[in-house]
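Containing compact mmCIF, C-alpha atoms: input.txt.
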# COMPACT_ATOMS: atom_id res chain seq x y z
CA MET A 9 68.04 89.52 186.09
CA TRP A 10 67.29 90.68 182.55
CA SER A 11 67.71 94.27 181.37
CA TRP A 12 66.04 94.57 178.01
CA GLY A 13 65.63 98.36 178.10
CA MET A 14 66.96 100.52 175.29
CA GLY A 15 69.05 103.63 175.62
CA GLY A 16 70.71 104.79 178.77
CA ALA A 17 71.59 107.80 180.79
CA GLY A 18 74.61 108.63 178.65
CA PRO A 19 78.20 108.22 179.69
CA ALA A 20 78.92 107.56 183.32
CA ALA A 21 80.09 110.64 185.15
CA ALA A 22 80.65 111.79 188.66
CA VAL A 23 78.04 114.24 189.83
CA PRO A 24 79.62 117.67 190.42
CA GLY A 25 80.76 118.11 193.99
CA HIS A 26 81.12 114.39 194.61
CA GLN A 27 84.36 113.65 192.79
CA GLN A 28 87.04 111.77 194.63
CA SER A 29 90.79 112.29 194.63
CA HIS A 30 92.86 109.46 193.21
CA GLY A 31 94.05 108.51 196.69
CA ALA A 32 90.49 108.06 197.97
CA VAL A 33 89.14 106.12 195.01
CA PRO A 34 89.71 102.58 196.35
CA ALA A 35 87.89 103.60 199.55
CA VAL A 36 84.86 104.58 197.44
CA SER A 37 84.93 101.17 195.79
CA THR A 38 85.01 99.46 199.18
CA ARG A 39 82.09 101.58 200.42
CA ILE A 40 80.08 100.71 197.29
CA ALA A 41 80.61 97.00 197.97
CA ALA A 42 79.65 97.34 201.64
CA TYR A 43 76.54 99.36 200.77
CA ALA A 44 75.49 96.76 198.19
CA LEU A 45 75.55 94.07 200.89
CA THR A 46 72.95 96.00 202.89
CA PHE A 47 70.41 95.27 200.12
CA VAL A 48 70.74 91.47 200.35
CA GLY A 49 67.49 89.87 201.48
CA ARG A 50 65.81 93.24 202.08
CA TYR A 51 64.29 94.12 198.71
CA ARG A 52 62.35 92.29 196.07
CA TYR A 53 63.17 91.79 192.42
CA HIS A 54 61.02 93.78 190.03
CA TRP A 55 61.77 94.01 186.30
CA GLY A 56 62.35 97.68 185.52
CA GLY A 57 62.54 98.53 189.23
CA ASN A 58 65.09 101.03 190.45
CA SER A 59 64.27 101.91 194.05
CA PRO A 60 63.64 100.25 197.41
CA LYS A 61 59.97 101.21 197.07
CA THR A 62 59.46 99.49 193.69
CA GLY A 63 62.07 96.77 194.01
CA PHE A 64 65.04 96.37 191.68
CA ASP A 65 66.15 94.64 188.55
CA CYS A 66 69.88 94.04 188.16
CA SER A 67 70.84 97.30 186.46
CA GLY A 68 68.35 99.29 188.53
CA LEU A 69 70.16 98.07 191.64
CA THR A 70 73.63 98.91 190.36
CA SER A 71 72.58 102.36 189.15
CA TYR A 72 70.85 103.07 192.50
CA ILE A 73 73.93 102.02 194.48
CA TYR A 74 76.34 104.06 192.36
CA ARG A 75 74.04 107.09 192.44
CA HIS A 76 74.18 106.93 196.27
CA TYR A 77 77.88 107.80 195.89
CA GLY A 78 77.28 110.60 193.38
CA LEU A 79 78.12 108.50 190.32
CA ALA A 80 75.54 108.79 187.56
CA ILE A 81 75.65 105.69 185.36
CA PRO A 82 73.40 104.46 182.54
CA ARG A 83 70.25 102.59 183.54
CA THR A 84 70.66 99.36 181.53
CA ALA A 85 73.24 96.60 181.94
CA GLN A 86 74.40 97.10 178.34
CA GLY A 87 74.69 100.87 178.88
CA GLN A 88 76.68 100.36 182.06
CA PHE A 89 78.98 97.94 180.26
CA SER A 90 79.65 100.58 177.60
CA ALA A 91 80.41 103.25 180.21
CA PHE A 92 82.77 101.27 182.43
CA ARG A 93 86.49 100.63 181.87
CA ARG A 94 87.28 96.92 181.61
CA VAL A 95 89.60 95.36 184.15
CA SER A 96 90.90 91.82 184.42
CA ARG A 97 89.47 89.41 186.96
CA ALA A 98 92.78 89.65 188.83
CA ALA A 99 92.56 93.45 188.96
CA ALA A 100 88.86 93.57 189.94
CA MET A 101 88.13 95.13 193.32
CA PRO A 102 85.06 94.98 195.52
CA GLY A 103 82.66 97.67 194.29
CA ASP A 104 83.44 97.10 190.62
CA LEU A 105 80.68 95.73 188.41
CA VAL A 106 80.47 92.21 187.00
CA PHE A 107 78.84 91.98 183.57
CA PHE A 108 77.41 88.70 182.28
CA HIS A 109 77.21 88.41 178.49
CA ASP A 110 76.34 85.95 175.78
CA ALA A 111 78.63 84.71 172.99
CA PHE A 112 77.69 87.73 170.86
CA GLY A 113 78.63 90.26 173.55
CA TYR A 114 75.09 91.15 174.64
CA VAL A 115 75.13 92.00 178.35
CA TYR A 116 72.14 90.44 180.08
CA HIS A 117 73.02 90.73 183.79
CA VAL A 118 75.10 92.92 186.10
CA GLY A 119 75.98 92.97 189.78
CA VAL A 120 78.34 94.58 192.29
CA TYR A 121 81.52 92.58 192.81
CA GLU A 122 82.18 91.69 196.46
CA GLY A 123 85.47 89.84 195.99
CA ARG A 124 86.39 86.15 196.15
CA GLY A 125 84.14 85.31 193.20
CA ASN A 126 80.94 86.75 194.71
CA LEU A 127 78.58 89.54 193.73
CA VAL A 128 75.43 91.25 194.96
CA ALA A 129 72.68 91.25 192.35
CA ALA A 130 68.95 91.44 191.82
CA ALA A 131 68.42 87.84 190.84
CA ASP A 132 64.78 87.02 190.11
CA PRO A 133 61.28 87.33 191.60
CA ASP A 134 61.78 84.32 193.88
CA ASP A 135 65.13 85.33 195.38
CA GLY A 136 65.18 89.14 195.25
CA ILE A 137 68.54 90.74 196.05
CA VAL A 138 71.17 88.08 196.77
CA LEU A 139 74.84 87.52 197.43
CA GLU A 140 75.80 84.87 194.92
CA THR A 141 78.79 83.18 193.36
CA ILE A 142 79.75 84.18 189.83
CA TRP A 143 78.28 81.22 187.96
CA SER A 144 79.65 81.85 184.47
CA SER A 145 83.04 82.29 182.87
CA ALA A 146 81.45 84.66 180.32
CA VAL A 147 81.86 87.71 182.53
CA THR A 148 83.70 90.99 182.25
CA PHE A 149 84.65 93.21 185.15
CA GLY A 150 84.39 96.96 184.91
CA THR A 151 85.40 99.90 187.04
CA LEU A 152 84.42 103.52 187.32
CA THR A 153 85.94 104.21 190.72
CA ARG A 154 89.65 104.27 189.93
CA PRO A 155 91.86 105.48 187.10
CA ALA A 156 93.62 103.24 184.59
CA GLY A 157 96.57 101.40 186.03
CA ARG A 158 94.94 100.78 189.43
How does this structure look as structure tokens?
Amino acid sequence: MWSWGMGGAGPAAAVPGHQQSHGAVPAVSTRIAAYALTFVGRYRYHWGGNSPKTGFDCSGLTSYIYRHYGLAIPRTAQGQFSAFRRVSRAAAMPGDLVFFHDAFGYVYHVGVYEGRGNLVAAADPDDGIVLETIWSSAVTFGTLTRPAGR
């Protein structure tokens, strides 16, 4: 659940050869959300983990899922927050990321939005990867899969 790592992989960018046209972007978002669901209950939580073999922490899971679709994003929750374009809760789509933050703006948790107030996230050592309800109002939604205005 906690991503205390420093630094990041730099700005989020599509890997060459995997860029989507604007018309196909929402489909990518939907595929990201569906792929994230396949992790629920199958992998363990491991702080600093970023693969099925090691297990995942929250930002390791989101970076792994996005990388599967050719989208290189920073490794930490805070880095991902900095790289993603903010969208309102009403404009959030499945496949976007949900960032949990404290009163000072520090992002301490991230997951893949599934819609209807739910997300897939690496929760903790007891629960592993879960589908859970967004439990806080101190969240921000972010997108990388569609241009501004969508």
(message) For a quick check of understanding, using only C-alpha atoms, which of A:Thr151, A:Ser90, A:Ser37, A:Thr84 has the smallest distance to Gly103 of chain A?
(response)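 Looking at the shortest contact to Gly103 of chain A, the residue is A:Ser37.
Minimum distance to Ile81 of chain A across A:Pro60, A:Ile142, A:Leu105, A:Arg94 (counting only C-alpha atoms) occurs at A:Leu105.
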(request) Can you work out which one of A:Ala100, A:Ala146, A:Ile73, A:Ala156 has the shortest atom-to-atom distance to Arg124 of chain A, counting all atoms listed in the file? (result)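 Of A:Ala100, A:Ala146, A:Ile73, A:Ala156, the one nearest Arg124 of chain A is A:Ala100, counting all atoms listed in the file.
Point (72.6, 100.3, 196.7) has the following residues at most 6 Å away: Tyr43, Ala44, Tyr72 and Ile73 of chain A (atoms considered: only C-alpha atoms).
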Deliver the residues from the most recent selection as a file, using C-alpha atoms, as a short mmCIF file (atom, residue, chain, number, x, y, z; two decimals), in the coordinates of the input.
data_model
loop_
_atom_site.label_atom_id
_atom_site.label_comp_id
_atom_site.auth_asym_id
_atom_site.auth_seq_id
_atom_site.Cartn_x
_atom_site.Cartn_y
_atom_site.Cartn_z
CA TYR A 43 76.54 99.36 200.77
CA ALA A 44 75.49 96.76 198.19
CA TYR A 72 70.85 103.07 192.50
CA ILE A 73 73.93 102.02 194.48
#
(message) Just checking: using only C-alpha atoms, which residue out of A:Ala42, A:Ala80, A:Phe89, A:Gly63 ends up closest to His117 of chain A?
(response)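 Distance minimum relative to His117 of chain A lands on A:Phe89.
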(request) Just give me the residues with any atom within 10 Å of (75.1, 83.7, 191.9), file coordinates, counting all atoms listed in the file, written as a PyMOL selection string. (result) chain A and resi 119+125-131+138-144
(request) Measure the distance from atom CA of Gly123 of chain A to atom CA of Pro102 of chain A in Å and round it to one decimal. (result)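 Straight-line distance from atom CA of Gly123 of chain A to atom CA of Pro102 of chain A works out to 5.2 Å.
Compared by their closest atoms to Asp65 of chain A, and using only C-alpha atoms, the residues A:Gly136, A:Pro155, A:Gly150, A:Pro82 rank with A:Gly136 nearest.
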(request) To one decimal in Å, tell me the separation between atom CA of Phe47 of chain A and atom CA of Gly113 of chain A. (result)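 Result for atom CA of Phe47 of chain A versus atom CA of Gly113 of chain A: 28.3 Å, one decimal.
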(request) One decimal, Å: what's the distance from atom CA of Val147 of chain A over to atom CA of Val106 of chain A, could you say? (result)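 Separation between atom CA of Val147 of chain A and atom CA of Val106 of chain A: 6.5 Å.
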(request) Can you work out which one of A:Ser145, A:Gly78, A:Thr153, A:Asp135 has the shortest atom-to-atom distance to Val48 of chain A, counting all atoms listed in the file? (result)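 Ranking A:Ser145, A:Gly78, A:Thr153, A:Asp135 by distance to Val48 of chain A, first place goes to A:Asp135.
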(request) Find the residues near Gly57 of chain A: any atom within 9 Å, counting all atoms listed in the file, skip ones fewer than 6 places away on the same chain, and give them as a ChimeraX atom specification. (result) /A:63-69
